[in-house]
$ cat protein.cif   # mmCIF, C-alpha atoms
data_my_file
#
loop_
_atom_site.group_PDB
_atom_site.id
_atom_site.type_symbol
_atom_site.label_atom_id
_atom_site.label_comp_id
_atom_site.auth_asym_id
_atom_site.auth_seq_id
_atom_site.Cartn_x
_atom_site.Cartn_y
_atom_site.Cartn_z
ATOM 1 C CA MET A 1 -12.687 -12.933 -13.157
ATOM 2 C CA LYS A 2 -14.426 -11.377 -16.096
ATOM 3 C CA ARG A 3 -15.610 -13.581 -18.878
ATOM 4 C CA GLN A 4 -18.850 -14.097 -20.721
ATOM 5 C CA MET A 5 -20.698 -17.020 -19.129
ATOM 6 C CA ILE A 6 -24.097 -18.342 -20.151
ATOM 7 C CA ASN A 7 -26.576 -18.569 -17.270
ATOM 8 C CA CYS A 8 -29.283 -21.105 -16.590
ATOM 9 C CA TRP A 9 -32.114 -18.699 -17.351
ATOM 10 C CA THR A 10 -30.692 -18.038 -20.792
ATOM 11 C CA ILE A 11 -30.641 -21.754 -21.533
ATOM 12 C CA LEU A 12 -34.256 -22.155 -20.447
ATOM 13 C CA LEU A 13 -35.377 -19.192 -22.523
ATOM 14 C CA SER A 14 -33.323 -20.348 -25.497
ATOM 15 C CA ALA A 15 -35.074 -23.692 -25.546
ATOM 16 C CA LEU A 16 -38.550 -22.295 -24.905
ATOM 17 C CA LEU A 17 -38.316 -19.512 -27.475
ATOM 18 C CA LEU A 18 -37.192 -21.835 -30.240
ATOM 19 C CA ALA A 19 -40.693 -22.230 -31.607
ATOM 20 C CA CYS A 20 -40.945 -18.504 -32.258
ATOM 21 C CA ALA A 21 -38.574 -18.497 -35.201
ATOM 22 C CA GLY A 22 -39.380 -21.905 -36.681
ATOM 23 C CA ILE A 23 -38.000 -21.889 -40.188
ATOM 24 C CA GLY A 24 -39.734 -24.885 -41.625
ATOM 25 C CA LEU A 25 -37.883 -28.122 -41.466
ATOM 26 C CA ALA A 26 -40.427 -29.939 -43.579
ATOM 27 C CA ALA A 27 -37.744 -31.152 -45.957
ATOM 28 C CA LEU A 28 -35.749 -32.530 -43.072
ATOM 29 C CA ALA A 29 -38.831 -34.117 -41.568
ATOM 30 C CA GLN A 30 -39.468 -35.932 -44.851
ATOM 31 C CA ALA A 31 -35.839 -36.973 -45.066
ATOM 32 C CA THR A 32 -36.053 -38.387 -41.567
ATOM 33 C CA THR A 33 -38.407 -41.131 -42.668
ATOM 34 C CA LYS A 34 -36.129 -42.122 -45.530
ATOM 35 C CA GLU A 35 -32.821 -41.874 -43.697
ATOM 36 C CA SER A 36 -33.383 -43.115 -40.157
ATOM 37 C CA SER A 37 -36.641 -45.016 -40.027
ATOM 38 C CA THR A 38 -34.780 -48.301 -40.417
ATOM 39 C CA GLN A 39 -33.302 -48.010 -36.936
ATOM 40 C CA VAL A 40 -34.402 -46.913 -33.489
ATOM 41 C CA ALA A 41 -31.653 -45.740 -31.174
ATOM 42 C CA THR A 42 -31.876 -44.858 -27.494
ATOM 43 C CA VAL A 43 -29.394 -43.289 -25.111
ATOM 44 C CA ASN A 44 -29.985 -44.149 -21.470
ATOM 45 C CA GLY A 45 -33.463 -45.303 -22.409
ATOM 46 C CA GLU A 46 -34.418 -42.083 -24.220
ATOM 47 C CA PRO A 47 -34.993 -42.316 -27.987
ATOM 48 C CA ILE A 48 -32.742 -40.177 -30.113
ATOM 49 C CA PRO A 49 -35.085 -37.784 -31.950
ATOM 50 C CA ASP A 50 -35.498 -38.900 -35.557
ATOM 51 C CA GLN A 51 -34.790 -35.452 -36.871
ATOM 52 C CA ILE A 52 -31.562 -35.124 -34.899
ATOM 53 C CA LEU A 53 -30.354 -38.490 -36.176
ATOM 54 C CA ALA A 54 -31.367 -37.618 -39.736
ATOM 55 C CA LEU A 55 -29.569 -34.296 -39.487
ATOM 56 C CA TYR A 56 -26.310 -35.905 -38.400
ATOM 57 C CA LEU A 57 -26.741 -38.689 -40.952
ATOM 58 C CA ARG A 58 -27.093 -36.206 -43.774
ATOM 59 C CA TYR A 59 -23.836 -34.470 -42.878
ATOM 60 C CA ALA A 60 -22.009 -37.720 -42.099
ATOM 61 C CA ARG A 61 -22.964 -39.157 -45.489
ATOM 62 C CA SER A 62 -21.777 -36.025 -47.260
ATOM 63 C CA ASP A 63 -18.414 -36.116 -45.449
ATOM 64 C CA ALA A 64 -17.961 -39.846 -46.062
ATOM 65 C CA GLN A 65 -18.733 -39.511 -49.768
ATOM 66 C CA ALA A 66 -16.216 -36.684 -50.073
ATOM 67 C CA GLN A 67 -13.525 -38.887 -48.525
ATOM 68 C CA ALA A 68 -14.437 -42.010 -50.492
ATOM 69 C CA PRO A 69 -16.040 -40.991 -53.803
ATOM 70 C CA GLY A 70 -18.002 -43.737 -55.513
ATOM 71 C CA LYS A 71 -17.921 -46.128 -52.556
ATOM 72 C CA ASP A 72 -20.766 -47.359 -50.382
ATOM 73 C CA VAL A 73 -20.463 -45.207 -47.263
ATOM 74 C CA THR A 74 -23.756 -46.175 -45.639
ATOM 75 C CA ALA A 75 -22.281 -48.080 -42.703
ATOM 76 C CA ALA A 76 -19.603 -45.491 -41.991
ATOM 77 C CA ALA A 77 -22.108 -42.634 -42.226
ATOM 78 C CA GLU A 78 -24.579 -44.357 -39.905
ATOM 79 C CA HIS A 79 -21.851 -45.055 -37.349
ATOM 80 C CA SER A 80 -20.641 -41.446 -37.436
ATOM 81 C CA ALA A 81 -24.176 -40.047 -37.212
ATOM 82 C CA LEU A 82 -25.039 -42.277 -34.273
ATOM 83 C CA ARG A 83 -21.894 -41.206 -32.441
ATOM 84 C CA SER A 84 -22.696 -37.527 -33.006
ATOM 85 C CA ALA A 85 -26.238 -38.105 -31.787
ATOM 86 C CA GLU A 86 -24.882 -39.810 -28.651
ATOM 87 C CA VAL A 87 -22.735 -36.753 -27.932
ATOM 88 C CA PHE A 88 -25.798 -34.562 -28.391
ATOM 89 C CA MET A 89 -27.966 -36.688 -26.111
ATOM 90 C CA VAL A 90 -25.569 -37.112 -23.186
ATOM 91 C CA GLN A 91 -25.032 -33.354 -22.977
ATOM 92 C CA LEU A 92 -28.755 -32.706 -23.227
ATOM 93 C CA GLN A 93 -29.431 -35.255 -20.493
ATOM 94 C CA GLN A 94 -26.766 -33.812 -18.208
ATOM 95 C CA GLY A 95 -28.276 -30.368 -18.687
ATOM 96 C CA ARG A 96 -31.684 -31.702 -17.686
ATOM 97 C CA ARG A 97 -30.258 -33.634 -14.726
ATOM 98 C CA LEU A 98 -28.677 -30.495 -13.318
ATOM 99 C CA GLY A 99 -31.781 -28.394 -13.889
ATOM 100 C CA LEU A 100 -30.232 -26.265 -16.607
ATOM 101 C CA ILE A 101 -32.811 -27.339 -19.183
ATOM 102 C CA SER A 102 -36.410 -28.088 -18.301
ATOM 103 C CA ALA A 103 -37.520 -31.642 -19.095
ATOM 104 C CA ASP A 104 -40.045 -30.591 -21.740
ATOM 105 C CA ALA A 105 -38.269 -27.536 -23.134
ATOM 106 C CA VAL A 106 -36.721 -29.317 -26.114
ATOM 107 C CA PRO A 107 -39.129 -32.064 -27.199
ATOM 108 C CA PHE A 108 -37.677 -32.514 -30.714
ATOM 109 C CA SER A 109 -40.437 -34.877 -31.784
ATOM 110 C CA GLY A 110 -42.279 -34.378 -35.055
ATOM 111 C CA ASP A 111 -42.163 -30.804 -36.287
ATOM 112 C CA ASN A 112 -40.839 -29.596 -32.947
ATOM 113 C CA MET A 113 -37.314 -29.783 -34.319
ATOM 114 C CA ALA A 114 -38.108 -26.232 -35.393
ATOM 115 C CA LYS A 115 -37.916 -25.281 -31.733
ATOM 116 C CA LEU A 116 -34.165 -25.417 -31.939
ATOM 117 C CA ARG A 117 -34.183 -22.352 -34.150
ATOM 118 C CA VAL A 118 -34.113 -19.637 -31.532
ATOM 119 C CA ASN A 119 -32.602 -16.253 -31.007
ATOM 120 C CA THR A 120 -29.890 -17.879 -28.917
ATOM 121 C CA SER A 121 -27.174 -15.888 -30.558
ATOM 122 C CA GLY A 122 -28.879 -12.803 -31.867
ATOM 123 C CA TYR A 123 -28.220 -11.377 -35.314
ATOM 124 C CA GLY A 124 -27.975 -13.815 -38.175
ATOM 125 C CA THR A 125 -29.532 -16.819 -36.453
ATOM 126 C CA SER A 126 -32.271 -17.107 -39.056
ATOM 127 C CA GLN A 127 -29.613 -17.555 -41.755
ATOM 128 C CA LEU A 128 -27.869 -20.446 -40.011
ATOM 129 C CA SER A 129 -28.149 -23.985 -41.296
ATOM 130 C CA ASP A 130 -29.946 -26.574 -39.161
ATOM 131 C CA LYS A 131 -26.579 -28.082 -38.203
ATOM 132 C CA GLU A 132 -25.231 -24.700 -37.136
ATOM 133 C CA VAL A 133 -28.310 -24.077 -35.005
ATOM 134 C CA VAL A 134 -27.879 -27.424 -33.241
ATOM 135 C CA ASP A 135 -24.161 -26.772 -32.740
ATOM 136 C CA ARG A 136 -24.888 -23.353 -31.281
ATOM 137 C CA PHE A 137 -27.487 -24.805 -28.942
ATOM 138 C CA LEU A 138 -24.965 -27.407 -27.750
ATOM 139 C CA ALA A 139 -22.365 -24.684 -27.215
ATOM 140 C CA ASN A 140 -24.801 -22.916 -24.898
ATOM 141 C CA VAL A 141 -25.493 -26.153 -23.030
ATOM 142 C CA ARG A 142 -21.752 -26.741 -22.741
ATOM 143 C CA GLU A 143 -21.134 -23.297 -21.231
ATOM 144 C CA ALA A 144 -23.949 -23.793 -18.737
ATOM 145 C CA LEU A 145 -22.572 -27.199 -17.726
ATOM 146 C CA ILE A 146 -19.081 -25.772 -17.282
ATOM 147 C CA SER A 147 -20.453 -22.991 -15.088
ATOM 148 C CA LYS A 148 -22.406 -25.492 -12.991
ATOM 149 C CA LEU A 149 -19.818 -28.269 -12.697
ATOM 150 C CA MET A 150 -16.717 -26.109 -12.372
ATOM 151 C CA PRO A 151 -17.262 -23.457 -9.666
ATOM 152 C CA GLU A 152 -15.398 -20.269 -10.456
ATOM 153 C CA SER A 153 -13.474 -20.245 -7.174
ATOM 154 C CA ALA A 154 -12.194 -23.795 -7.712
ATOM 155 C CA VAL A 155 -11.273 -23.068 -11.320
ATOM 156 C CA GLU A 156 -9.355 -19.932 -10.377
ATOM 157 C CA LYS A 157 -7.439 -21.841 -7.702
ATOM 158 C CA ALA A 158 -6.454 -24.463 -10.281
ATOM 159 C CA LEU A 159 -5.465 -21.782 -12.788
ATOM 160 C CA ARG A 160 -3.234 -20.007 -10.280
ATOM 161 C CA ALA A 161 -1.520 -23.283 -9.433
ATOM 162 C CA THR A 162 -0.953 -23.975 -13.137
ATOM 163 C CA TYR A 163 0.381 -20.453 -13.676
ATOM 164 C CA LEU A 164 2.892 -20.757 -10.826
ATOM 165 C CA GLN A 165 3.990 -24.212 -11.951
ATOM 166 C CA HIS A 166 4.640 -23.058 -15.527
ATOM 167 C CA LYS A 167 5.399 -19.404 -14.875
ATOM 168 C CA SER A 168 8.477 -19.335 -17.072
ATOM 169 C CA SER A 169 6.395 -20.340 -20.093
ATOM 170 C CA HIS A 170 4.147 -17.309 -19.692
ATOM 171 C CA GLN A 171 6.496 -14.672 -20.980
ATOM 172 C CA GLN A 172 6.265 -12.110 -23.735
ATOM 173 C CA ILE A 173 9.377 -12.165 -25.870
ATOM 174 C CA GLN A 174 10.919 -8.759 -26.446
ATOM 175 C CA GLU A 175 13.974 -9.847 -28.398
ATOM 176 C CA MET A 176 15.916 -13.022 -29.174
ATOM 177 C CA THR A 177 19.484 -13.379 -30.365
ATOM 178 C CA VAL A 178 20.008 -16.752 -32.007
ATOM 179 C CA ARG A 179 22.423 -18.629 -34.220
ATOM 180 C CA ARG A 180 21.457 -21.158 -36.813
ATOM 181 C CA ILE A 181 22.726 -24.047 -38.878
ATOM 182 C CA ARG A 182 20.613 -24.456 -42.004
ATOM 183 C CA LEU A 183 21.291 -27.317 -44.407
ATOM 184 C CA PRO A 184 19.078 -27.404 -47.531
ATOM 185 C CA TYR A 185 18.491 -30.833 -49.035
ATOM 186 C CA THR A 186 17.119 -32.468 -52.163
ATOM 187 C CA SER A 187 15.426 -35.837 -52.451
ATOM 188 C CA ALA A 188 18.756 -37.295 -53.563
ATOM 189 C CA ASP A 189 20.837 -36.113 -50.603
ATOM 190 C CA ARG A 190 18.193 -35.805 -47.883
ATOM 191 C CA SER A 191 19.422 -38.768 -45.838
ATOM 192 C CA ALA A 192 23.064 -37.689 -45.963
ATOM 193 C CA THR A 193 22.113 -34.124 -45.061
ATOM 194 C CA PHE A 194 20.134 -35.339 -42.063
ATOM 195 C CA GLN A 195 23.116 -37.331 -40.812
ATOM 196 C CA LEU A 196 25.304 -34.234 -41.160
ATOM 197 C CA ALA A 197 22.756 -32.162 -39.242
ATOM 198 C CA LYS A 198 22.697 -34.772 -36.452
ATOM 199 C CA LYS A 199 26.504 -34.741 -36.290
ATOM 200 C CA LEU A 200 26.680 -30.946 -36.059
ATOM 201 C CA ARG A 201 23.884 -30.865 -33.498
ATOM 202 C CA GLY A 202 25.762 -33.429 -31.397
ATOM 203 C CA GLN A 203 28.901 -31.294 -31.477
ATOM 204 C CA ALA A 204 26.948 -28.207 -30.440
ATOM 205 C CA ALA A 205 25.138 -30.019 -27.633
ATOM 206 C CA ALA A 206 28.488 -31.341 -26.384
ATOM 207 C CA GLY A 207 29.764 -27.786 -25.981
ATOM 208 C CA ALA A 208 31.483 -27.037 -29.280
ATOM 209 C CA ASP A 209 31.682 -23.364 -30.185
ATOM 210 C CA PHE A 210 28.514 -22.702 -32.164
ATOM 211 C CA VAL A 211 29.897 -19.610 -33.912
ATOM 212 C CA PRO A 212 32.153 -21.428 -36.409
ATOM 213 C CA LEU A 213 29.525 -24.134 -36.855
ATOM 214 C CA ALA A 214 26.930 -21.536 -37.798
ATOM 215 C CA THR A 215 29.403 -19.608 -39.934
ATOM 216 C CA ASN A 216 30.473 -22.666 -41.908
ATOM 217 C CA TRP A 217 27.140 -24.464 -42.193
ATOM 218 C CA ASP A 218 24.436 -21.798 -42.182
ATOM 219 C CA HIS A 219 23.213 -21.670 -45.763
ATOM 220 C CA ALA A 220 21.358 -18.457 -46.578
ATOM 221 C CA TYR A 221 17.596 -18.091 -46.605
ATOM 222 C CA TYR A 222 15.788 -15.699 -48.948
ATOM 223 C CA SER A 223 14.673 -13.319 -46.188
ATOM 224 C CA ASP A 224 17.838 -13.379 -44.076
ATOM 225 C CA SER A 225 19.280 -10.033 -45.122
ATOM 226 C CA GLY A 226 16.984 -7.931 -42.978
ATOM 227 C CA PHE A 227 17.595 -9.858 -39.771
ATOM 228 C CA GLN A 228 21.116 -11.326 -39.907
ATOM 229 C CA ASN A 229 23.842 -9.445 -38.036
ATOM 230 C CA ARG A 230 27.449 -9.080 -39.119
ATOM 231 C CA ASP A 231 28.462 -11.858 -36.730
ATOM 232 C CA ASN A 232 25.941 -14.171 -38.435
ATOM 233 C CA SER A 233 23.573 -14.117 -35.474
ATOM 234 C CA PHE A 234 19.930 -13.148 -35.789
ATOM 235 C CA ARG A 235 18.117 -10.596 -33.667
ATOM 236 C CA LEU A 236 14.394 -11.266 -33.663
ATOM 237 C CA THR A 237 11.292 -10.315 -31.725
ATOM 238 C CA GLY A 238 9.292 -13.379 -32.691
ATOM 239 C CA LYS A 239 6.722 -11.263 -34.503
ATOM 240 C CA GLU A 240 8.501 -10.777 -37.818
ATOM 241 C CA LYS A 241 6.385 -11.411 -40.889
ATOM 242 C CA PHE A 242 9.243 -12.116 -43.278
ATOM 243 C CA ALA A 243 11.939 -13.728 -41.156
ATOM 244 C CA ASP A 244 12.762 -17.390 -41.582
ATOM 245 C CA PRO A 245 9.632 -18.960 -40.005
ATOM 246 C CA THR A 246 11.367 -22.185 -38.955
ATOM 247 C CA LEU A 247 14.077 -20.183 -37.204
ATOM 248 C CA VAL A 248 11.560 -18.003 -35.373
ATOM 249 C CA GLN A 249 9.279 -20.842 -34.278
ATOM 250 C CA THR A 250 12.174 -23.013 -33.126
ATOM 251 C CA ALA A 251 13.813 -20.146 -31.246
ATOM 252 C CA LYS A 252 10.647 -19.467 -29.274
ATOM 253 C CA THR A 253 10.906 -22.901 -27.668
ATOM 254 C CA LEU A 254 14.498 -22.498 -26.447
ATOM 255 C CA ALA A 255 15.930 -21.233 -23.184
ATOM 256 C CA ASP A 256 19.142 -19.207 -23.023
ATOM 257 C CA GLY A 257 22.090 -21.303 -24.203
ATOM 258 C CA GLN A 258 19.897 -24.198 -25.324
ATOM 259 C CA VAL A 259 20.504 -26.036 -28.603
ATOM 260 C CA SER A 260 17.484 -27.340 -30.491
ATOM 261 C CA LYS A 261 17.012 -30.797 -31.886
ATOM 262 C CA VAL A 262 17.317 -31.215 -35.652
ATOM 263 C CA VAL A 263 14.254 -29.547 -37.170
ATOM 264 C CA ASP A 264 12.932 -30.390 -40.643
ATOM 265 C CA SER A 265 11.382 -27.398 -42.417
ATOM 266 C CA GLY A 266 10.421 -29.386 -45.508
ATOM 267 C CA ASP A 267 13.377 -28.270 -47.599
ATOM 268 C CA ALA A 268 16.190 -27.928 -45.060
ATOM 269 C CA TYR A 269 17.406 -29.236 -41.710
ATOM 270 C CA TYR A 270 17.931 -26.751 -38.900
ATOM 271 C CA VAL A 271 19.869 -26.651 -35.661
ATOM 272 C CA VAL A 272 19.267 -23.484 -33.645
ATOM 273 C CA LYS A 273 20.993 -22.134 -30.542
ATOM 274 C CA MET A 274 19.528 -19.470 -28.289
ATOM 275 C CA VAL A 275 22.260 -16.948 -27.480
ATOM 276 C CA ALA A 276 20.103 -14.662 -25.361
ATOM 277 C CA LYS A 277 16.437 -14.013 -24.837
ATOM 278 C CA GLU A 278 14.890 -10.875 -23.407
ATOM 279 C CA ALA A 279 11.371 -11.436 -22.162
ATOM 280 C CA VAL A 280 8.827 -9.818 -19.864
ATOM 281 C CA GLN A 281 7.013 -11.990 -17.341
ATOM 282 C CA LEU A 282 3.259 -11.909 -17.938
ATOM 283 C CA THR A 283 1.051 -11.570 -14.872
ATOM 284 C CA PHE A 284 -1.649 -14.055 -13.933
ATOM 285 C CA ALA A 285 -4.314 -11.536 -14.951
ATOM 286 C CA GLN A 286 -2.788 -11.255 -18.425
ATOM 287 C CA VAL A 287 -2.948 -14.994 -19.106
ATOM 288 C CA GLN A 288 -5.987 -15.891 -17.006
ATOM 289 C CA ASP A 289 -8.468 -16.089 -19.874
ATOM 290 C CA GLN A 290 -6.125 -18.223 -21.977
ATOM 291 C CA LEU A 291 -5.553 -20.566 -19.034
ATOM 292 C CA TYR A 292 -9.285 -20.664 -18.321
ATOM 293 C CA TYR A 293 -10.258 -21.853 -21.784
ATOM 294 C CA THR A 294 -7.437 -24.407 -21.922
ATOM 295 C CA TYR A 295 -8.355 -25.766 -18.483
ATOM 296 C CA THR A 296 -12.120 -25.895 -18.965
ATOM 297 C CA ASP A 297 -11.797 -27.409 -22.450
ATOM 298 C CA ALA A 298 -9.642 -30.217 -21.067
ATOM 299 C CA ARG A 299 -11.907 -30.803 -18.053
ATOM 300 C CA TYR A 300 -15.060 -30.782 -20.154
ATOM 301 C CA SER A 301 -13.531 -33.167 -22.675
ATOM 302 C CA THR A 302 -12.797 -35.584 -19.823
ATOM 303 C CA LEU A 303 -16.345 -35.280 -18.480
ATOM 304 C CA LEU A 304 -17.835 -35.825 -21.935
ATOM 305 C CA LYS A 305 -15.766 -38.980 -22.405
ATOM 306 C CA GLN A 306 -17.029 -40.258 -19.052
ATOM 307 C CA TRP A 307 -20.661 -39.546 -19.951
ATOM 308 C CA LEU A 308 -20.249 -41.358 -23.254
ATOM 309 C CA ALA A 309 -18.482 -44.299 -21.616
ATOM 310 C CA ASN A 310 -21.290 -44.660 -19.072
ATOM 311 C CA ALA A 311 -24.131 -44.141 -21.546
ATOM 312 C CA LYS A 312 -26.313 -47.109 -22.379
ATOM 313 C CA VAL A 313 -26.873 -47.001 -26.123
ATOM 314 C CA ARG A 314 -29.195 -49.426 -27.866
ATOM 315 C CA VAL A 315 -29.941 -49.671 -31.572
ATOM 316 C CA SER A 316 -32.679 -51.854 -33.011
ATOM 317 C CA ARG A 317 -33.750 -52.235 -36.624
#

$ encode --input "protein.cif" --output "structure tokens"
Amino acid sequence: MKRQMINCWTILLSALLLACAGIGLAALAQATTKESSTQVATVNGEPIPDQILALYLRYARSDAQAQAPGKDVTAAAEHSALRSAEVFMVQLQQGRRLGLISADAVPFSGDNMAKLRVNTSGYGTSQLSDKEVVDRFLANVREALISKLMPESAVEKALRATYLQHKSSHQQIQEMTVRRIRLPYTSADRSATFQLAKKLRGQAAAGADFVPLATNWDHAYYSDSGFQNRDNSFRLTGKEKFADPTLVQTAKTLADGQVSKVVDSGDAYYVVKMVAKEAVQLTFAQVQDQLYYTYTDARYSTLLKQWLANAKVRVSR
């Protein structure tokens, strides 16, 4: 299995080399006193660094003000910032617990926030914002935790089981032949049009010949001419740039002979039937990376929720 994985040594070096690049965070250090000195927060008994809390508070306040202009967003911003800081701390603590980050490698106190600015990602790091640097550091910690907590052999076994269970969904479409009912609507007749679409869909699902249904009720779409056959069917590969997007996306979800539910495109109701689909089965190797990221993202999300649920957070003012 080939994929780029962060190793423990990289994490240790990343944290220890942070001081080398230190782009002054004096402004942030001053803001810390103004923005977070009114509260002291700890996660599992460890104080959240003032500068980390101030950093998240600054961004949370900006987001909250954008969503509620002119309103007092202090409480909402503080809650959001504290939650972000909790997420930061539990991952940092797990990294330390597993020996991926040395206990004193990322002190964060005082001006040591500058130690987060490191050549962790090479070119362009010096131009990143403080928030981007912290996010990148956390991404490295995340990759190291995944590597440690999810052994490659166990992950691959799980991926193979998932692949075999959902093998039919891992296919590359070569060509699809589909038929379509398309009923445009206006605000005045939307409800009536929907009821008509449901009626036609019910007839099709019950076994009615779809050809006359499509012929009588398929109202043209601006890009149909290049894809519609003489028998009013459509031959598509699923990669067309100008074909009816609702038709293409709906067709991709259907098996041979299957009739879709009523689909709302925003200006018309659709019912689509798959006449025939030609597809090539993708091998495990071809989809392994996609499966890996989906699997590890889901597993890590579950672990993170558990860490947060078990964390002891205290805030005093």

$ atom_distance --input "protein.cif" --atom1 "atom CA of Val40 of chain A" --atom2 "atom CA of Arg97 of chain A"
23.4 Å

$ resolve_selection --input "protein.cif" --expression "the PyMOL selection byres ((chain A and resi 52) around 9)" --output "list in words"
Thr32, Ile48, Pro49, Asp50, Gln51, Leu53, Ala54, Leu55, Tyr56, Leu57, Ala85, Phe88, Phe108, Met113 and Val134 of chain A

$ atom_distance --input "protein.cif" --atom1 "atom CA of Phe234 of chain A" --atom2 "atom CA of Thr177 of chain A"
5.4 Å

$ atom_distance --input "protein.cif" --atom1 "atom CA of Tyr59 of chain A" --atom2 "atom CA of Asn140 of chain A"
21.4 Å

$ residues_around --input "protein.cif" --residues "His219 of chain A" --least-positions-apart "4" --cutoff "10 Å" --atoms "all atoms listed in the file" --output "mmCIF file with C-alpha atoms, in the frame of the given file"
data_model
loop_
_atom_site.group_PDB
_atom_site.id
_atom_site.type_symbol
_atom_site.label_atom_id
_atom_site.label_comp_id
_atom_site.auth_asym_id
_atom_site.auth_seq_id
_atom_site.Cartn_x
_atom_site.Cartn_y
_atom_site.Cartn_z
ATOM 1 C CA ARG A 180 21.457 -21.158 -36.813
ATOM 2 C CA ILE A 181 22.726 -24.047 -38.878
ATOM 3 C CA ARG A 182 20.613 -24.456 -42.004
ATOM 4 C CA LEU A 183 21.291 -27.317 -44.407
ATOM 5 C CA PRO A 184 19.078 -27.404 -47.531
ATOM 6 C CA ALA A 214 26.930 -21.536 -37.798
ATOM 7 C CA THR A 215 29.403 -19.608 -39.934
ATOM 8 C CA ALA A 268 16.190 -27.928 -45.060
#

$ closest_residue --input "protein.cif" --among "A:Thr296, A:Thr186, A:Asn216, A:Gln172" --to "Ser147 of chain A" --atoms "only C-alpha atoms"
A:Thr296

$ residues_near_point --input "protein.cif" --point "(-16.3, -22.0, -18.5)" --cutoff "10 Å" --atoms "all atoms listed in the file" --output "PyMOL selection string"
chain A and resi 3-6+142-152+155+289+292-297+299-300

$ closest_residue --input "protein.cif" --among "A:Thr74, A:Asn310, A:Gln288, A:Gln281" --to "Ser169 of chain A" --atoms "only C-alpha atoms"
A:Gln281

$ residues_near_point --input "protein.cif" --point "(-26.2, -33.2, -25.8)" --cutoff "10 Å" --atoms "all atoms listed in the file" --output "list in words"
Ser84, Ala85, Glu86, Val87, Phe88, Met89, Val90, Gln91, Leu92, Gln93, Gln94, Gly95, Arg96, Val134, Asp135, Phe137, Leu138, Ala139, Val141, Arg142 and Leu304 of chain A

$ resolve_selection --input "protein.cif" --expression "the PyMOL selection byres ((chain A and resi 211) around 9)" --output "count of residues only"
12

$ residues_around --input "protein.cif" --residues "Ile173 of chain A" --least-positions-apart "4" --cutoff "12 Å" --atoms "all atoms listed in the file" --output "short mmCIF file (atom, residue, chain, number, x, y, z; two decimals) with C-alpha atoms, in the coordinates of the input"
data_model
loop_
_atom_site.label_atom_id
_atom_site.label_comp_id
_atom_site.auth_asym_id
_atom_site.auth_seq_id
_atom_site.Cartn_x
_atom_site.Cartn_y
_atom_site.Cartn_z
CA SER A 168 8.48 -19.34 -17.07
CA SER A 169 6.40 -20.34 -20.09
CA THR A 177 19.48 -13.38 -30.36
CA ARG A 235 18.12 -10.60 -33.67
CA LEU A 236 14.39 -11.27 -33.66
CA THR A 237 11.29 -10.32 -31.72
CA GLY A 238 9.29 -13.38 -32.69
CA LYS A 239 6.72 -11.26 -34.50
CA VAL A 248 11.56 -18.00 -35.37
CA ALA A 251 13.81 -20.15 -31.25
CA LYS A 252 10.65 -19.47 -29.27
CA THR A 253 10.91 -22.90 -27.67
CA LEU A 254 14.50 -22.50 -26.45
CA ALA A 255 15.93 -21.23 -23.18
CA ALA A 276 20.10 -14.66 -25.36
CA LYS A 277 16.44 -14.01 -24.84
CA GLU A 278 14.89 -10.88 -23.41
CA ALA A 279 11.37 -11.44 -22.16
CA VAL A 280 8.83 -9.82 -19.86
CA GLN A 281 7.01 -11.99 -17.34
CA LEU A 282 3.26 -11.91 -17.94
#

$ resolve_selection --input "protein.cif" --expression "the PyMOL selection byres ((chain A and resi 264) around 10)" --output "ChimeraX atom specification"
/A:182-184,194,246,261-263,265-271

$ decode --input "protein.cif" --residues "segment 137-149 of chain A" --atoms "C-alpha atoms" --output "tab-separated table (two decimals), in the first residue's frame"
chain	number	residue	atom	x	y	z
A	137	PHE	CA	0.39	21.27	12.51
A	138	LEU	CA	-2.84	19.53	13.56
A	139	ALA	CA	-3.03	17.79	10.18
A	140	ASN	CA	0.42	16.35	10.81
A	141	VAL	CA	-0.60	15.22	14.29
A	142	ARG	CA	-3.73	13.65	12.82
A	143	GLU	CA	-1.75	11.66	10.24
A	144	ALA	CA	0.65	10.43	12.91
A	145	LEU	CA	-2.24	9.36	15.15
A	146	ILE	CA	-3.92	7.53	12.28
A	147	SER	CA	-0.68	5.70	11.50
A	148	LYS	CA	-0.25	4.74	15.16
A	149	LEU	CA	-3.84	3.82	16.03
